[in-house]
Amino acid sequence: MDSGAVDAIHGCNQRAPCVEFMHGLLSKPLRLEQRGATSGDFVQGTSSVIWPAASRLAEYLCDHPELIKDRSVLELGAGLGLVGAACAAAGAKPVLVTDCERALPLLERNQALLAEDSVILNVSRLEWGLAEDHARILEGHPSGFDLLVGSDIILSSFELDKLFESCRALLSRSTDSRLLLAFEFREDWESIGNFIAWAEEVGMEVCHEELGDPDDEIYLYTFRWTG
Ligand SMILES: C[S@@+](CC[C@H](N)C(=O)[O-])C[C@H]1O[C@@H](n2cnc3c(N)ncnc32)[C@H](O)[C@@H]1O
């Protein structure tokens with residue numbers, strides 16, 4: 001790959017054709033393609049470019065491999081699939097990266113690129129709240145996933161009630177299972193507040209911490225079943 005075409009994602013260049021993620025835990029950088037706003041394949045709805053919360057969450061998971069090693073992981077609203085790729089590279093298995101239909105061609109392209117470096121991802125459509133998608137995914141994972149991950153998917157313009165339905169349907173009921181959401185604050189506490197209230201209503205507890213530089217206002221919310 002032309003290294004001149006690769007931009008480090010901490011600066012989150014959404015125009016570069018490729019993004020690269022490196023961490024001390026990994027033997028090689030993860031390289032993924034994106035389709036920026038100046039590309040003909042740019043996808044409205046923001047799935048075709050990287051977002052800062054994704055790199056923060058990928059970094060956090062590589063810093064805490066004990067959370068993911070040998071655990072089944074599903075990424076929601078995966079976009080390029082960076083968070084899922086970091087999980088797979090850091091020892092999670094199996095890893096399923098999901099997004100809505102229009103995002104799948106690029107996700108599948110990145111699946112193929114990562115496979116060249118032996119980073120194995122499965123890809124599936126998951127339109128939030130769609131029972132048909134839940135049923136198809138659960139056929140292969142009848143008791144759900146140990147870990148659900150999502151970066152920058154809590155936005156007021158998204159169907160968050162449906163996202164919550166998917167989380168509830170797909171997260172294993174074990175008290176060891178976790179839902180991890182990386183949330184970038186953009187003058188809106190209500191959306192994450194509603195999501196937390198729904199989770200608490202169905203018996204989950206939630207904690208949060210800063211992800212990286214406090215000035216960036218990116219937070220990790222961790223949800224778990226209480227019993
Ligand atoms: C801001 S992007 C974040 C992408 C990626 N997680 C990242 O952080 O780089 C939001 C993602 O949510 C997905 N999304 C939004 N609404 C969705 C829905 N109803 N069902 C499935 N995915 C959805 C979009 O396709 C997009 O990939």
# chains A, B, ... in the order shown; residues from 1 in each chain; ligands from 1
call {"tool": "select_by_dssp", "arguments": {"residues": "range 46-142 of chain A", "states": "helix (DSSP H, G or I)", "output": "PyMOL selection string"}}
result
chain A and resi 52-63+65-67+82-89+101-116+131-140
call {"tool": "select_by_dssp", "arguments": {"residues": "range 98-191 of chain A", "states": "strand (DSSP E)", "output": "PyMOL selection string"}}
result
chain A and resi 98-99+122-125+147-151+178-184
call {"tool": "write_last_selection", "arguments": {"atoms": "N, CA, C and O atoms", "output": "PDB file, in the first residue's frame"}}
result
ATOM      1  N   THR A  98     -21.314  -5.460  11.983  1.00  0.00           N
ATOM      2  CA  THR A  98     -22.634  -5.281  11.377  1.00  0.00           C
ATOM      3  C   THR A  98     -22.888  -3.816  11.070  1.00  0.00           C
ATOM      4  O   THR A  98     -22.331  -2.920  11.708  1.00  0.00           O
ATOM      5  N   ASP A  99     -23.754  -3.608  10.110  1.00  0.00           N
ATOM      6  CA  ASP A  99     -24.206  -2.248   9.798  1.00  0.00           C
ATOM      7  C   ASP A  99     -25.415  -2.403   8.892  1.00  0.00           C
ATOM      8  O   ASP A  99     -25.822  -3.530   8.559  1.00  0.00           O
ATOM      9  N   ASN A 122     -16.342 -11.619  10.481  1.00  0.00           N
ATOM     10  CA  ASN A 122     -17.558 -11.971   9.758  1.00  0.00           C
ATOM     11  C   ASN A 122     -18.367 -10.684   9.602  1.00  0.00           C
ATOM     12  O   ASN A 122     -18.288  -9.804  10.464  1.00  0.00           O
ATOM     13  N   VAL A 123     -19.119 -10.599   8.507  1.00  0.00           N
ATOM     14  CA  VAL A 123     -19.894  -9.381   8.236  1.00  0.00           C
ATOM     15  C   VAL A 123     -21.359  -9.761   8.090  1.00  0.00           C
ATOM     16  O   VAL A 123     -21.674 -10.775   7.459  1.00  0.00           O
ATOM     17  N   SER A 124     -22.226  -8.961   8.671  1.00  0.00           N
ATOM     18  CA  SER A 124     -23.654  -9.226   8.508  1.00  0.00           C
ATOM     19  C   SER A 124     -24.442  -7.929   8.508  1.00  0.00           C
ATOM     20  O   SER A 124     -24.047  -6.964   9.168  1.00  0.00           O
ATOM     21  N   ARG A 125     -25.543  -7.914   7.784  1.00  0.00           N
ATOM     22  CA  ARG A 125     -26.460  -6.784   7.899  1.00  0.00           C
ATOM     23  C   ARG A 125     -27.132  -6.837   9.264  1.00  0.00           C
ATOM     24  O   ARG A 125     -27.569  -7.910   9.704  1.00  0.00           O
ATOM     25  N   LEU A 147     -19.823  -9.843  24.109  1.00  0.00           N
ATOM     26  CA  LEU A 147     -19.510  -8.420  24.091  1.00  0.00           C
ATOM     27  C   LEU A 147     -20.171  -7.776  22.878  1.00  0.00           C
ATOM     28  O   LEU A 147     -20.026  -8.272  21.754  1.00  0.00           O
ATOM     29  N   LEU A 148     -20.900  -6.695  23.115  1.00  0.00           N
ATOM     30  CA  LEU A 148     -21.372  -5.849  22.023  1.00  0.00           C
ATOM     31  C   LEU A 148     -20.577  -4.557  22.105  1.00  0.00           C
ATOM     32  O   LEU A 148     -20.391  -4.016  23.202  1.00  0.00           O
ATOM     33  N   VAL A 149     -20.122  -4.064  20.962  1.00  0.00           N
ATOM     34  CA  VAL A 149     -19.363  -2.812  20.946  1.00  0.00           C
ATOM     35  C   VAL A 149     -19.944  -1.879  19.898  1.00  0.00           C
ATOM     36  O   VAL A 149     -20.466  -2.325  18.865  1.00  0.00           O
ATOM     37  N   GLY A 150     -19.844  -0.587  20.170  1.00  0.00           N
ATOM     38  CA  GLY A 150     -20.319   0.387  19.194  1.00  0.00           C
ATOM     39  C   GLY A 150     -19.639   1.717  19.442  1.00  0.00           C
ATOM     40  O   GLY A 150     -19.481   2.135  20.588  1.00  0.00           O
ATOM     41  N   SER A 151     -19.204   2.367  18.357  1.00  0.00           N
ATOM     42  CA  SER A 151     -18.580   3.683  18.520  1.00  0.00           C
ATOM     43  C   SER A 151     -19.375   4.702  17.718  1.00  0.00           C
ATOM     44  O   SER A 151     -19.731   4.453  16.559  1.00  0.00           O
ATOM     45  N   ARG A 178     -20.947  -7.831  28.319  1.00  0.00           N
ATOM     46  CA  ARG A 178     -20.835  -6.361  28.401  1.00  0.00           C
ATOM     47  C   ARG A 178     -21.270  -5.723  27.089  1.00  0.00           C
ATOM     48  O   ARG A 178     -20.995  -6.259  26.011  1.00  0.00           O
ATOM     49  N   LEU A 179     -21.887  -4.552  27.225  1.00  0.00           N
ATOM     50  CA  LEU A 179     -22.128  -3.675  26.081  1.00  0.00           C
ATOM     51  C   LEU A 179     -21.247  -2.451  26.286  1.00  0.00           C
ATOM     52  O   LEU A 179     -21.355  -1.774  27.322  1.00  0.00           O
ATOM     53  N   LEU A 180     -20.362  -2.170  25.323  1.00  0.00           N
ATOM     54  CA  LEU A 180     -19.450  -1.026  25.436  1.00  0.00           C
ATOM     55  C   LEU A 180     -19.769  -0.029  24.333  1.00  0.00           C
ATOM     56  O   LEU A 180     -19.700  -0.368  23.141  1.00  0.00           O
ATOM     57  N   LEU A 181     -20.113   1.186  24.727  1.00  0.00           N
ATOM     58  CA  LEU A 181     -20.429   2.224  23.749  1.00  0.00           C
ATOM     59  C   LEU A 181     -19.475   3.396  23.923  1.00  0.00           C
ATOM     60  O   LEU A 181     -19.382   3.965  25.026  1.00  0.00           O
ATOM     61  N   ALA A 182     -18.785   3.759  22.851  1.00  0.00           N
ATOM     62  CA  ALA A 182     -17.953   4.966  22.874  1.00  0.00           C
ATOM     63  C   ALA A 182     -18.812   6.109  22.341  1.00  0.00           C
ATOM     64  O   ALA A 182     -19.340   6.034  21.223  1.00  0.00           O
ATOM     65  N   PHE A 183     -18.953   7.125  23.152  1.00  0.00           N
ATOM     66  CA  PHE A 183     -19.904   8.211  22.872  1.00  0.00           C
ATOM     67  C   PHE A 183     -19.154   9.531  22.808  1.00  0.00           C
ATOM     68  O   PHE A 183     -18.438   9.887  23.745  1.00  0.00           O
ATOM     69  N   GLU A 184     -19.305  10.235  21.689  1.00  0.00           N
ATOM     70  CA  GLU A 184     -18.728  11.577  21.603  1.00  0.00           C
ATOM     71  C   GLU A 184     -19.815  12.586  21.925  1.00  0.00           C
ATOM     72  O   GLU A 184     -20.869  12.615  21.259  1.00  0.00           O
TER      73      GLU A 184
END
call {"tool": "residues_around", "arguments": {"residues": "Met22 in chain A", "least_positions_apart": "3", "cutoff": "10 Å", "atoms": "only C-alpha atoms", "output": "list in words"}}
result
Ala8, Ile9, Leu25, Leu26, Ser27, Lys28, Pro29, Leu30, Arg31, Ser55, Ala58, Glu59, Cys62 and Ala86 of chain A
call {"tool": "residues_near_ligand", "arguments": {"ligand": "ligand 1", "cutoff": "7 Å", "atoms": "only C-alpha atoms and all ligand atoms", "output": "PyMOL selection string"}}
result
chain A and resi 45-54+76-81+99-100+103+126-128+150-153+158-159+163
call {"tool": "write_last_selection", "arguments": {"atoms": "N, CA, C and O atoms", "output": "mmCIF file, in the first residue's frame"}}
result
data_model
loop_
_atom_site.group_PDB
_atom_site.id
_atom_site.type_symbol
_atom_site.label_atom_id
_atom_site.label_comp_id
_atom_site.auth_asym_id
_atom_site.auth_seq_id
_atom_site.Cartn_x
_atom_site.Cartn_y
_atom_site.Cartn_z
ATOM 1 N N GLY A 45 -25.020 9.116 5.803
ATOM 2 C CA GLY A 45 -25.305 8.337 7.005
ATOM 3 C C GLY A 45 -24.010 7.980 7.706
ATOM 4 O O GLY A 45 -24.030 7.303 8.722
ATOM 5 N N THR A 46 -22.897 8.419 7.108
ATOM 6 C CA THR A 46 -21.614 8.460 7.812
ATOM 7 C C THR A 46 -20.908 7.118 8.044
ATOM 8 O O THR A 46 -19.952 7.053 8.786
ATOM 9 N N SER A 47 -21.355 6.064 7.373
ATOM 10 C CA SER A 47 -20.689 4.782 7.617
ATOM 11 C C SER A 47 -19.376 4.657 6.869
ATOM 12 O O SER A 47 -18.584 3.775 7.173
ATOM 13 N N SER A 48 -19.116 5.501 5.886
ATOM 14 C CA SER A 48 -17.973 5.237 5.002
ATOM 15 C C SER A 48 -16.691 5.950 5.422
ATOM 16 O O SER A 48 -15.699 5.884 4.709
ATOM 17 N N VAL A 49 -16.729 6.641 6.554
ATOM 18 C CA VAL A 49 -15.517 7.284 7.074
ATOM 19 C C VAL A 49 -15.346 6.938 8.555
ATOM 20 O O VAL A 49 -16.291 6.526 9.221
ATOM 21 N N ILE A 50 -14.130 7.146 9.024
ATOM 22 C CA ILE A 50 -13.812 6.838 10.417
ATOM 23 C C ILE A 50 -14.223 7.999 11.320
ATOM 24 O O ILE A 50 -14.209 9.148 10.898
ATOM 25 N N TRP A 51 -14.557 7.686 12.563
ATOM 26 C CA TRP A 51 -14.925 8.697 13.566
ATOM 27 C C TRP A 51 -13.995 8.550 14.767
ATOM 28 O O TRP A 51 -13.580 7.428 15.092
ATOM 29 N N PRO A 52 -13.671 9.669 15.432
ATOM 30 C CA PRO A 52 -12.669 9.604 16.505
ATOM 31 C C PRO A 52 -13.000 8.588 17.607
ATOM 32 O O PRO A 52 -12.102 7.936 18.139
ATOM 33 N N ALA A 53 -14.287 8.425 17.907
ATOM 34 C CA ALA A 53 -14.640 7.481 18.976
ATOM 35 C C ALA A 53 -14.203 6.063 18.630
ATOM 36 O O ALA A 53 -13.923 5.258 19.528
ATOM 37 N N ALA A 54 -14.152 5.739 17.330
ATOM 38 C CA ALA A 54 -13.765 4.381 16.934
ATOM 39 C C ALA A 54 -12.312 4.106 17.302
ATOM 40 O O ALA A 54 -11.976 3.044 17.837
ATOM 41 N N LEU A 76 -21.870 -3.070 16.447
ATOM 42 C CA LEU A 76 -23.076 -2.445 15.882
ATOM 43 C C LEU A 76 -22.687 -1.163 15.150
ATOM 44 O O LEU A 76 -21.821 -0.420 15.625
ATOM 45 N N GLY A 77 -23.335 -0.876 14.033
ATOM 46 C CA GLY A 77 -23.054 0.375 13.301
ATOM 47 C C GLY A 77 -21.571 0.516 13.033
ATOM 48 O O GLY A 77 -20.965 1.556 13.277
ATOM 49 N N ALA A 78 -20.975 -0.547 12.490
ATOM 50 C CA ALA A 78 -19.508 -0.676 12.460
ATOM 51 C C ALA A 78 -18.812 0.299 11.515
ATOM 52 O O ALA A 78 -17.623 0.564 11.680
ATOM 53 N N GLY A 79 -19.520 0.825 10.512
ATOM 54 C CA GLY A 79 -18.849 1.718 9.569
ATOM 55 C C GLY A 79 -17.753 0.974 8.829
ATOM 56 O O GLY A 79 -18.002 -0.004 8.127
ATOM 57 N N LEU A 80 -16.519 1.394 9.014
ATOM 58 C CA LEU A 80 -15.387 0.713 8.365
ATOM 59 C C LEU A 80 -15.069 -0.628 9.030
ATOM 60 O O LEU A 80 -14.415 -1.475 8.427
ATOM 61 N N GLY A 81 -15.452 -0.762 10.323
ATOM 62 C CA GLY A 81 -15.178 -2.011 11.039
ATOM 63 C C GLY A 81 -13.926 -1.970 11.889
ATOM 64 O O GLY A 81 -13.417 -3.011 12.315
ATOM 65 N N ASP A 99 -23.754 -3.608 10.110
ATOM 66 C CA ASP A 99 -24.206 -2.248 9.798
ATOM 67 C C ASP A 99 -25.415 -2.403 8.892
ATOM 68 O O ASP A 99 -25.822 -3.530 8.559
ATOM 69 N N CYS A 100 -25.989 -1.272 8.472
ATOM 70 C CA CYS A 100 -27.140 -1.363 7.580
ATOM 71 C C CYS A 100 -26.674 -1.668 6.155
ATOM 72 O O CYS A 100 -25.474 -1.590 5.844
ATOM 73 N N ALA A 103 -24.022 0.133 4.001
ATOM 74 C CA ALA A 103 -22.644 0.168 4.503
ATOM 75 C C ALA A 103 -21.881 -1.123 4.192
ATOM 76 O O ALA A 103 -20.651 -1.173 4.346
ATOM 77 N N LEU A 126 -27.194 -5.713 9.927
ATOM 78 C CA LEU A 126 -28.052 -5.582 11.111
ATOM 79 C C LEU A 126 -28.641 -4.184 11.086
ATOM 80 O O LEU A 126 -27.975 -3.201 11.409
ATOM 81 N N GLU A 127 -29.894 -4.139 10.629
ATOM 82 C CA GLU A 127 -30.666 -2.895 10.731
ATOM 83 C C GLU A 127 -31.242 -2.927 12.135
ATOM 84 O O GLU A 127 -31.955 -3.880 12.493
ATOM 85 N N TRP A 128 -30.947 -1.926 12.914
ATOM 86 C CA TRP A 128 -31.340 -1.956 14.324
ATOM 87 C C TRP A 128 -32.837 -2.213 14.476
ATOM 88 O O TRP A 128 -33.673 -1.624 13.777
ATOM 89 N N GLY A 150 -19.844 -0.587 20.170
ATOM 90 C CA GLY A 150 -20.319 0.387 19.194
ATOM 91 C C GLY A 150 -19.639 1.717 19.442
ATOM 92 O O GLY A 150 -19.481 2.135 20.588
ATOM 93 N N SER A 151 -19.204 2.367 18.357
ATOM 94 C CA SER A 151 -18.580 3.683 18.520
ATOM 95 C C SER A 151 -19.375 4.702 17.718
ATOM 96 O O SER A 151 -19.731 4.453 16.559
ATOM 97 N N ASP A 152 -19.653 5.804 18.377
ATOM 98 C CA ASP A 152 -20.356 6.931 17.752
ATOM 99 C C ASP A 152 -21.663 6.498 17.103
ATOM 100 O O ASP A 152 -21.959 6.868 15.964
ATOM 101 N N ILE A 153 -22.436 5.742 17.849
ATOM 102 C CA ILE A 153 -23.749 5.325 17.325
ATOM 103 C C ILE A 153 -24.888 5.906 18.159
ATOM 104 O O ILE A 153 -26.050 5.639 17.871
ATOM 105 N N PHE A 158 -30.470 9.177 15.116
ATOM 106 C CA PHE A 158 -30.578 7.735 14.880
ATOM 107 C C PHE A 158 -31.768 7.147 15.653
ATOM 108 O O PHE A 158 -32.256 7.744 16.614
ATOM 109 N N GLU A 159 -32.168 5.930 15.222
ATOM 110 C CA GLU A 159 -33.320 5.261 15.854
ATOM 111 C C GLU A 159 -32.812 4.508 17.088
ATOM 112 O O GLU A 159 -32.582 3.304 17.053
ATOM 113 N N LEU A 163 -31.985 0.624 18.255
ATOM 114 C CA LEU A 163 -30.636 0.190 18.641
ATOM 115 C C LEU A 163 -30.701 -0.543 19.980
ATOM 116 O O LEU A 163 -30.089 -1.603 20.154
#
call {"tool": "closest_residue", "arguments": {"among": "A:Ile120, A:Trp225, A:Phe164, A:Cys18", "to": "Trp198 in chain A", "atoms": "only C-alpha atoms"}}
result
A:Phe164
call {"tool": "residues_around", "arguments": {"residues": "Leu171 in chain A", "least_positions_apart": "2", "cutoff": "6 Å", "atoms": "only C-alpha atoms", "output": "list in words"}}
result
Gly144, Phe145, Cys167 and Arg168 of chain A
call {"tool": "residues_around", "arguments": {"residues": "Asp70 in chain A", "least_positions_apart": "3", "cutoff": "6 Å", "atoms": "only C-alpha atoms", "output": "PyMOL selection string"}}
result
chain A and resi 91-93
call {"tool": "write_last_selection", "arguments": {"atoms": "N, CA, C and O atoms", "output": "mmCIF file, in the first residue's frame"}}
result
data_model
loop_
_atom_site.group_PDB
_atom_site.id
_atom_site.type_symbol
_atom_site.label_atom_id
_atom_site.label_comp_id
_atom_site.auth_asym_id
_atom_site.auth_seq_id
_atom_site.Cartn_x
_atom_site.Cartn_y
_atom_site.Cartn_z
ATOM 1 N N GLY A 91 -7.434 -10.807 19.796
ATOM 2 C CA GLY A 91 -7.701 -12.148 20.321
ATOM 3 C C GLY A 91 -9.154 -12.520 20.527
ATOM 4 O O GLY A 91 -9.454 -13.614 21.006
ATOM 5 N N ALA A 92 -10.100 -11.630 20.169
ATOM 6 C CA ALA A 92 -11.512 -12.009 20.280
ATOM 7 C C ALA A 92 -11.847 -12.980 19.162
ATOM 8 O O ALA A 92 -11.315 -12.872 18.071
ATOM 9 N N LYS A 93 -12.786 -13.908 19.437
ATOM 10 C CA LYS A 93 -13.292 -14.746 18.354
ATOM 11 C C LYS A 93 -14.568 -15.459 18.798
ATOM 12 O O LYS A 93 -14.618 -15.892 19.946
#
call {"tool": "closest_residue", "arguments": {"among": "A:Ser118, A:Thr38, A:Ser156, A:Gln14", "to": "Gly193 in chain A", "atoms": "only C-alpha atoms"}}
result
A:Ser156
call {"tool": "closest_residue", "arguments": {"among": "A:Ala131, A:Ile192, A:Ile154, A:Leu82", "to": "Val95 in chain A", "atoms": "only C-alpha atoms"}}
result
A:Leu82
call {"tool": "closest_residue", "arguments": {"among": "A:His23, A:His141, A:Arg173, A:His134", "to": "Pro94 in chain A", "atoms": "only C-alpha atoms"}}
result
A:His141
call {"tool": "atom_distance", "arguments": {"atom1": "CA of Ser157 in chain A", "atom2": "CA of Glu33 in chain A"}}
result
25.4 Å
